[in-house]
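Visitor: My structure file final_1.cif, mmCIF, C-alpha atoms, is below:
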data_query
loop_
_atom_site.label_atom_id
_atom_site.label_comp_id
_atom_site.auth_asym_id
_atom_site.auth_seq_id
_atom_site.Cartn_x
_atom_site.Cartn_y
_atom_site.Cartn_z
CA MET A 1 0.56 -22.37 14.66
CA THR A 2 -1.83 -25.01 15.71
CA THR A 3 -0.90 -28.63 15.34
CA SER A 4 -3.97 -29.26 13.19
CA ILE A 5 -2.77 -26.71 10.59
CA LEU A 6 0.65 -28.33 10.48
CA GLU A 7 -0.88 -31.79 10.17
CA GLU A 8 -3.25 -30.61 7.47
CA TRP A 9 -0.33 -29.00 5.60
CA HIS A 10 1.61 -32.27 5.61
CA GLU A 11 -1.46 -34.12 4.36
CA GLN A 12 -2.19 -31.55 1.64
CA ARG A 13 1.41 -31.53 0.46
CA LYS A 14 1.59 -35.32 0.40
CA ASN A 15 -1.64 -35.69 -1.60
CA PHE A 16 -1.22 -32.73 -3.95
CA ASN A 17 -1.35 -33.53 -7.65
CA PRO A 18 -1.16 -30.53 -10.03
CA SER A 19 -3.07 -32.43 -12.71
CA ASN A 20 -6.00 -33.32 -10.45
CA PRO A 21 -8.59 -30.49 -10.28
CA ASP A 22 -10.00 -31.77 -6.98
CA ARG A 23 -6.56 -31.66 -5.34
CA ILE A 24 -5.95 -28.18 -6.72
CA ASN A 25 -9.28 -27.00 -5.27
CA GLN A 26 -8.41 -28.57 -1.92
CA MET A 27 -5.10 -26.72 -1.92
CA HIS A 28 -6.88 -23.44 -2.70
CA GLU A 29 -9.27 -24.09 0.19
CA PHE A 30 -6.33 -24.80 2.49
CA LYS A 31 -4.65 -21.58 1.28
CA GLU A 32 -7.74 -19.56 2.23
CA LYS A 33 -7.92 -21.27 5.62
CA LEU A 34 -4.24 -20.58 6.23
CA LYS A 35 -4.65 -16.91 5.32
CA LEU A 36 -7.18 -16.61 8.17
CA GLU A 37 -4.73 -18.04 10.71
CA GLU A 38 -2.37 -15.92 12.80
CA GLN A 39 0.36 -14.58 10.54
CA THR A 40 3.36 -16.13 12.22
CA GLU A 41 6.59 -16.68 10.33
CA GLU A 42 5.91 -20.41 10.19
CA ASN A 43 2.40 -19.92 8.79
CA LEU A 44 3.67 -17.45 6.22
CA ARG A 45 6.42 -19.82 5.10
CA ILE A 46 3.82 -22.56 4.62
CA LEU A 47 1.70 -20.10 2.66
CA VAL A 48 4.70 -19.38 0.42
CA ASP A 49 5.01 -23.11 -0.30
CA VAL A 50 1.28 -23.36 -1.00
CA TYR A 51 1.46 -20.46 -3.46
CA CYS A 52 4.42 -22.10 -5.18
CA MET A 53 2.59 -25.40 -5.49
CA LEU A 54 -0.32 -23.51 -7.04
CA ARG A 55 2.13 -21.70 -9.34
CA MET A 56 1.21 -18.33 -7.86
CA TYR A 57 4.83 -17.21 -7.85
CA ALA A 58 4.32 -13.45 -7.60
CA ASP A 59 2.23 -13.83 -4.44
CA ALA A 60 4.71 -16.34 -3.01
CA TYR A 61 7.60 -13.95 -3.65
CA LYS A 62 5.84 -11.03 -1.94
CA ILE A 63 5.23 -13.05 1.21
CA PHE A 64 8.63 -14.71 1.15
CA THR A 65 10.49 -11.40 0.98
CA SER A 66 8.59 -10.26 4.07
CA VAL A 67 9.77 -13.24 6.16
CA MET A 68 13.11 -14.17 4.62
CA ASP A 69 16.29 -14.05 6.65
CA LEU A 70 19.22 -12.79 4.59
CA GLY A 71 21.55 -14.47 7.07
CA ASN A 72 20.03 -17.84 6.15
CA LYS A 73 21.78 -19.50 3.21
CA LYS A 74 18.63 -21.40 2.15
CA ASP A 75 16.60 -18.19 2.10
CA ARG A 76 19.22 -16.41 -0.01
CA LYS A 77 19.18 -19.32 -2.46
CA LYS A 78 15.37 -19.24 -2.69
CA THR A 79 15.52 -15.52 -3.41
CA ARG A 80 17.81 -16.10 -6.38
CA ILE A 81 15.53 -18.85 -7.70
CA ASN A 82 12.48 -16.60 -7.40
CA LYS A 83 14.27 -13.79 -9.27
CA ILE A 84 14.98 -16.18 -12.13
CA LEU A 85 11.31 -17.22 -12.26
CA HIS A 86 10.19 -13.59 -12.56
CA ARG A 87 12.31 -12.72 -15.61
#
Here is the file; what I need is its structure written in the form of C-alpha coordinates.
Guide:
Amino acid sequence: MTTSILEEWHEQRKNFNPSNPDRINQMHEFKEKLKLEEQTEENLRILVDVYCMLRMYADAYKIFTSVMDLGNKKDRKKTRINKILHR
(Lines of atoms letter the chains of each structure in order from A and count residues from 1; the text may use other names and numbers.)
(Lines give C-alpha, C1' and ligand atoms only; values in the text may rest on other atoms or scores of the structure.)
Protein backbone atom coordinates (compact mmCIF):
# COMPACT_ATOMS: atom_id res chain seq x y z
CA MET A 1 0.00 0.00 0.00
CA THR A 2 1.24 3.41 -0.81
CA THR A 3 1.39 6.03 1.89
CA SER A 4 -0.84 8.34 -0.16
CA ILE A 5 -3.66 5.75 -0.13
CA LEU A 6 -3.37 5.35 3.62
CA GLU A 7 -3.32 9.11 4.12
CA GLU A 8 -6.29 9.56 1.81
CA TRP A 9 -8.17 6.81 3.69
CA HIS A 10 -7.63 8.58 7.02
CA GLU A 11 -8.81 11.85 5.49
CA GLN A 12 -11.87 10.27 3.87
CA ARG A 13 -12.84 8.46 7.06
CA LYS A 14 -12.41 11.59 9.16
CA ASN A 15 -14.52 13.75 6.84
CA PHE A 16 -17.20 11.20 5.95
CA ASN A 17 -20.77 12.24 6.68
CA PRO A 18 -23.49 9.79 5.58
CA SER A 19 -26.02 12.61 5.24
CA ASN A 20 -23.84 14.71 2.94
CA PRO A 21 -24.18 13.64 -0.73
CA ASP A 22 -20.83 15.21 -1.66
CA ARG A 23 -19.02 13.19 1.02
CA ILE A 24 -20.80 10.02 -0.09
CA ASN A 25 -19.71 10.65 -3.69
CA GLN A 26 -16.14 11.27 -2.54
CA MET A 27 -16.18 7.96 -0.66
CA HIS A 28 -17.48 6.17 -3.77
CA GLU A 29 -14.67 7.74 -5.80
CA PHE A 30 -12.14 6.63 -3.20
CA LYS A 31 -13.65 3.11 -3.29
CA GLU A 32 -13.14 2.94 -7.06
CA LYS A 33 -9.58 4.21 -6.73
CA LEU A 34 -8.85 1.66 -4.02
CA LYS A 35 -10.25 -1.17 -6.15
CA LEU A 36 -7.60 -0.33 -8.78
CA GLU A 37 -4.76 -0.60 -6.27
CA GLU A 38 -2.83 -3.79 -5.58
CA GLN A 39 -5.09 -6.18 -3.69
CA THR A 40 -3.05 -6.56 -0.54
CA GLU A 41 -4.66 -7.63 2.72
CA GLU A 42 -4.37 -4.10 4.07
CA ASN A 43 -6.02 -2.57 0.99
CA LEU A 44 -8.80 -5.13 1.10
CA ARG A 45 -9.45 -4.46 4.78
CA ILE A 46 -9.73 -0.74 4.03
CA LEU A 47 -12.10 -1.57 1.19
CA VAL A 48 -14.24 -3.57 3.64
CA ASP A 49 -14.45 -0.51 5.89
CA VAL A 50 -15.34 1.71 2.94
CA TYR A 51 -18.13 -0.66 1.88
CA CYS A 52 -19.45 -0.68 5.44
CA MET A 53 -19.44 3.11 5.61
CA LEU A 54 -21.38 3.14 2.35
CA ARG A 55 -23.75 0.51 3.77
CA MET A 56 -22.77 -1.99 1.09
CA TYR A 57 -22.69 -4.83 3.60
CA ALA A 58 -22.96 -7.77 1.21
CA ASP A 59 -19.90 -6.61 -0.74
CA ALA A 60 -18.02 -5.89 2.49
CA TYR A 61 -18.79 -9.37 3.79
CA LYS A 62 -17.57 -11.07 0.60
CA ILE A 63 -14.23 -9.29 0.75
CA PHE A 64 -13.88 -9.65 4.51
CA THR A 65 -14.37 -13.42 4.41
CA SER A 66 -11.56 -13.64 1.85
CA VAL A 67 -9.05 -11.89 4.14
CA MET A 68 -10.25 -12.72 7.64
CA ASP A 69 -8.08 -14.64 10.05
CA LEU A 70 -10.11 -17.08 12.13
CA GLY A 71 -7.31 -17.07 14.69
CA ASN A 72 -7.87 -13.34 15.23
CA LYS A 73 -10.47 -12.61 17.91
CA LYS A 74 -11.46 -9.27 16.33
CA ASP A 75 -12.04 -10.93 12.96
CA ARG A 76 -14.20 -13.64 14.52
CA LYS A 77 -16.26 -10.96 16.26
CA LYS A 78 -16.71 -9.02 13.00
CA THR A 79 -17.89 -12.20 11.30
CA ARG A 80 -20.63 -12.66 13.90
CA ILE A 81 -21.72 -9.04 13.52
CA ASN A 82 -21.88 -9.38 9.74
CA LYS A 83 -23.99 -12.55 10.04
CA ILE A 84 -26.48 -10.66 12.20
CA LEU A 85 -26.68 -7.86 9.62
CA HIS A 86 -27.51 -10.33 6.85
CA ARG A 87 -30.52 -11.93 8.55
Visitor: How many Å lie between CA of Gly71 in chain A and CA of Glu42 in chain A, rounded to one decimal?
Guide: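 It comes out at 17.0 Å.
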Visitor: Evaluate the PyMOL selection byres ((chain A and resi 45) around 10) here and jot the selected residues down as a ChimeraX atom specification.
Guide: /A:39-44,46-51,60,63-64,66-68
Visitor: On this file, the PyMOL selection byres ((chain A and resi 55) around 12) gives some set of residues; write that set as a VMD selection string.
Guide: chain A and resid 18 24 27 to 28 48 to 54 56 to 61 82 85 to 86
Visitor: Taking C-alpha atoms for each residue, export the selection above as a PDB file, keeping the file's coordinate frame.
Guide:
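Here's the written file again16.pdb:
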ATOM      1  CA  PRO A  18      -1.160 -30.530 -10.030  1.00  0.00           C
ATOM      2  CA  ILE A  24      -5.950 -28.180  -6.720  1.00  0.00           C
ATOM      3  CA  MET A  27      -5.100 -26.720  -1.920  1.00  0.00           C
ATOM      4  CA  HIS A  28      -6.880 -23.440  -2.700  1.00  0.00           C
ATOM      5  CA  VAL A  48       4.700 -19.380   0.420  1.00  0.00           C
ATOM      6  CA  ASP A  49       5.010 -23.110  -0.300  1.00  0.00           C
ATOM      7  CA  VAL A  50       1.280 -23.360  -1.000  1.00  0.00           C
ATOM      8  CA  TYR A  51       1.460 -20.460  -3.460  1.00  0.00           C
ATOM      9  CA  CYS A  52       4.420 -22.100  -5.180  1.00  0.00           C
ATOM     10  CA  MET A  53       2.590 -25.400  -5.490  1.00  0.00           C
ATOM     11  CA  LEU A  54      -0.320 -23.510  -7.040  1.00  0.00           C
ATOM     12  CA  MET A  56       1.210 -18.330  -7.860  1.00  0.00           C
ATOM     13  CA  TYR A  57       4.830 -17.210  -7.850  1.00  0.00           C
ATOM     14  CA  ALA A  58       4.320 -13.450  -7.600  1.00  0.00           C
ATOM     15  CA  ASP A  59       2.230 -13.830  -4.440  1.00  0.00           C
ATOM     16  CA  ALA A  60       4.710 -16.340  -3.010  1.00  0.00           C
ATOM     17  CA  TYR A  61       7.600 -13.950  -3.650  1.00  0.00           C
ATOM     18  CA  ASN A  82      12.480 -16.600  -7.400  1.00  0.00           C
ATOM     19  CA  LEU A  85      11.310 -17.220 -12.260  1.00  0.00           C
ATOM     20  CA  HIS A  86      10.190 -13.590 -12.560  1.00  0.00           C
TER      21      HIS A  86
END
Visitor: As AutoDock Vina command-line options, please report the centre and edge lengths, rounded to one decimal in Å, of the axis-aligned box that holds all listed atoms of range 48-66 of chain A with 6 Å of padding on each of the six sides.
Guide:
--center_x 5.1 --center_y -17.8 --center_z -2.6 --size_x 22.8 --size_y 27.1 --size_z 25.4
Visitor: Can you spell out as a list in words the set of residues that the PyMOL selection byres ((chain A and resi 13) around 10) selects in the structure I just provided?
Guide: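 Evaluating the PyMOL selection byres ((chain A and resi 13) around 10) on this file yields Glu7, Glu8, Trp9, His10, Glu11, Gln12, Lys14, Asn15, Phe16, Asn17, Arg23, Met27, Asp49, Val50 and Met53 of chain A.
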Visitor: Of the candidates A:Ser4, A:Pro21, A:Lys74, A:Thr65, which one gets nearest to Leu34 in chain A if we count all atoms listed in the file?
Guide: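 Closest candidate: A:Ser4.
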Visitor: Take range 38-55 of chain A, model N, CA, C and O atoms, and hand the result over as a PDB file, in the coordinates of the input.
Guide:
ATOM      1  N   GLU A  38      -3.318 -16.930  12.327  1.00  0.00           N
ATOM      2  CA  GLU A  38      -2.370 -15.920  12.800  1.00  0.00           C
ATOM      3  C   GLU A  38      -1.168 -15.900  11.850  1.00  0.00           C
ATOM      4  O   GLU A  38      -0.671 -16.939  11.423  1.00  0.00           O
ATOM      5  N   GLN A  39      -0.712 -14.711  11.520  1.00  0.00           N
ATOM      6  CA  GLN A  39       0.360 -14.580  10.540  1.00  0.00           C
ATOM      7  C   GLN A  39       1.729 -14.673  11.199  1.00  0.00           C
ATOM      8  O   GLN A  39       2.483 -13.705  11.235  1.00  0.00           O
ATOM      9  N   THR A  40       2.040 -15.873  11.654  1.00  0.00           N
ATOM     10  CA  THR A  40       3.360 -16.130  12.220  1.00  0.00           C
ATOM     11  C   THR A  40       4.324 -16.420  11.079  1.00  0.00           C
ATOM     12  O   THR A  40       3.905 -16.689   9.950  1.00  0.00           O
ATOM     13  N   GLU A  41       5.604 -16.386  11.370  1.00  0.00           N
ATOM     14  CA  GLU A  41       6.590 -16.680  10.330  1.00  0.00           C
ATOM     15  C   GLU A  41       6.381 -18.077   9.769  1.00  0.00           C
ATOM     16  O   GLU A  41       6.450 -18.286   8.555  1.00  0.00           O
ATOM     17  N   GLU A  42       6.113 -19.027  10.634  1.00  0.00           N
ATOM     18  CA  GLU A  42       5.910 -20.410  10.190  1.00  0.00           C
ATOM     19  C   GLU A  42       4.699 -20.526   9.263  1.00  0.00           C
ATOM     20  O   GLU A  42       4.778 -21.164   8.211  1.00  0.00           O
ATOM     21  N   ASN A  43       3.596 -19.886   9.639  1.00  0.00           N
ATOM     22  CA  ASN A  43       2.400 -19.920   8.790  1.00  0.00           C
ATOM     23  C   ASN A  43       2.660 -19.255   7.440  1.00  0.00           C
ATOM     24  O   ASN A  43       2.214 -19.734   6.408  1.00  0.00           O
ATOM     25  N   LEU A  44       3.379 -18.148   7.466  1.00  0.00           N
ATOM     26  CA  LEU A  44       3.670 -17.450   6.220  1.00  0.00           C
ATOM     27  C   LEU A  44       4.583 -18.268   5.315  1.00  0.00           C
ATOM     28  O   LEU A  44       4.422 -18.274   4.094  1.00  0.00           O
ATOM     29  N   ARG A  45       5.536 -18.970   5.905  1.00  0.00           N
ATOM     30  CA  ARG A  45       6.420 -19.820   5.100  1.00  0.00           C
ATOM     31  C   ARG A  45       5.635 -20.978   4.465  1.00  0.00           C
ATOM     32  O   ARG A  45       5.892 -21.367   3.333  1.00  0.00           O
ATOM     33  N   ILE A  46       4.675 -21.523   5.189  1.00  0.00           N
ATOM     34  CA  ILE A  46       3.820 -22.560   4.620  1.00  0.00           C
ATOM     35  C   ILE A  46       2.996 -21.960   3.481  1.00  0.00           C
ATOM     36  O   ILE A  46       2.850 -22.566   2.419  1.00  0.00           O
ATOM     37  N   LEU A  47       2.483 -20.759   3.699  1.00  0.00           N
ATOM     38  CA  LEU A  47       1.700 -20.100   2.660  1.00  0.00           C
ATOM     39  C   LEU A  47       2.530 -19.866   1.405  1.00  0.00           C
ATOM     40  O   LEU A  47       2.039 -20.030   0.285  1.00  0.00           O
ATOM     41  N   VAL A  48       3.800 -19.522   1.566  1.00  0.00           N
ATOM     42  CA  VAL A  48       4.700 -19.380   0.420  1.00  0.00           C
ATOM     43  C   VAL A  48       4.773 -20.693  -0.349  1.00  0.00           C
ATOM     44  O   VAL A  48       4.665 -20.718  -1.578  1.00  0.00           O
ATOM     45  N   ASP A  49       4.937 -21.793   0.359  1.00  0.00           N
ATOM     46  CA  ASP A  49       5.010 -23.110  -0.300  1.00  0.00           C
ATOM     47  C   ASP A  49       3.703 -23.446  -1.016  1.00  0.00           C
ATOM     48  O   ASP A  49       3.714 -23.993  -2.116  1.00  0.00           O
ATOM     49  N   VAL A  50       2.583 -23.104  -0.382  1.00  0.00           N
ATOM     50  CA  VAL A  50       1.280 -23.360  -1.000  1.00  0.00           C
ATOM     51  C   VAL A  50       1.164 -22.565  -2.299  1.00  0.00           C
ATOM     52  O   VAL A  50       0.767 -23.101  -3.342  1.00  0.00           O
ATOM     53  N   TYR A  51       1.518 -21.285  -2.246  1.00  0.00           N
ATOM     54  CA  TYR A  51       1.460 -20.460  -3.460  1.00  0.00           C
ATOM     55  C   TYR A  51       2.360 -21.031  -4.551  1.00  0.00           C
ATOM     56  O   TYR A  51       1.995 -21.034  -5.721  1.00  0.00           O
ATOM     57  N   CYS A  52       3.524 -21.507  -4.184  1.00  0.00           N
ATOM     58  CA  CYS A  52       4.420 -22.100  -5.180  1.00  0.00           C
ATOM     59  C   CYS A  52       3.819 -23.352  -5.793  1.00  0.00           C
ATOM     60  O   CYS A  52       3.898 -23.554  -7.010  1.00  0.00           O
ATOM     61  N   MET A  53       3.214 -24.183  -4.971  1.00  0.00           N
ATOM     62  CA  MET A  53       2.590 -25.400  -5.490  1.00  0.00           C
ATOM     63  C   MET A  53       1.455 -25.066  -6.447  1.00  0.00           C
ATOM     64  O   MET A  53       1.209 -25.789  -7.404  1.00  0.00           O
ATOM     65  N   LEU A  54       0.783 -23.943  -6.179  1.00  0.00           N
ATOM     66  CA  LEU A  54      -0.320 -23.510  -7.040  1.00  0.00           C
ATOM     67  C   LEU A  54       0.172 -22.636  -8.190  1.00  0.00           C
ATOM     68  O   LEU A  54      -0.633 -22.107  -8.947  1.00  0.00           O
ATOM     69  N   ARG A  55       1.484 -22.487  -8.288  1.00  0.00           N
ATOM     70  CA  ARG A  55       2.130 -21.700  -9.340  1.00  0.00           C
ATOM     71  C   ARG A  55       1.742 -20.225  -9.289  1.00  0.00           C
ATOM     72  O   ARG A  55       1.631 -19.561 -10.321  1.00  0.00           O
TER      73      ARG A  55
END
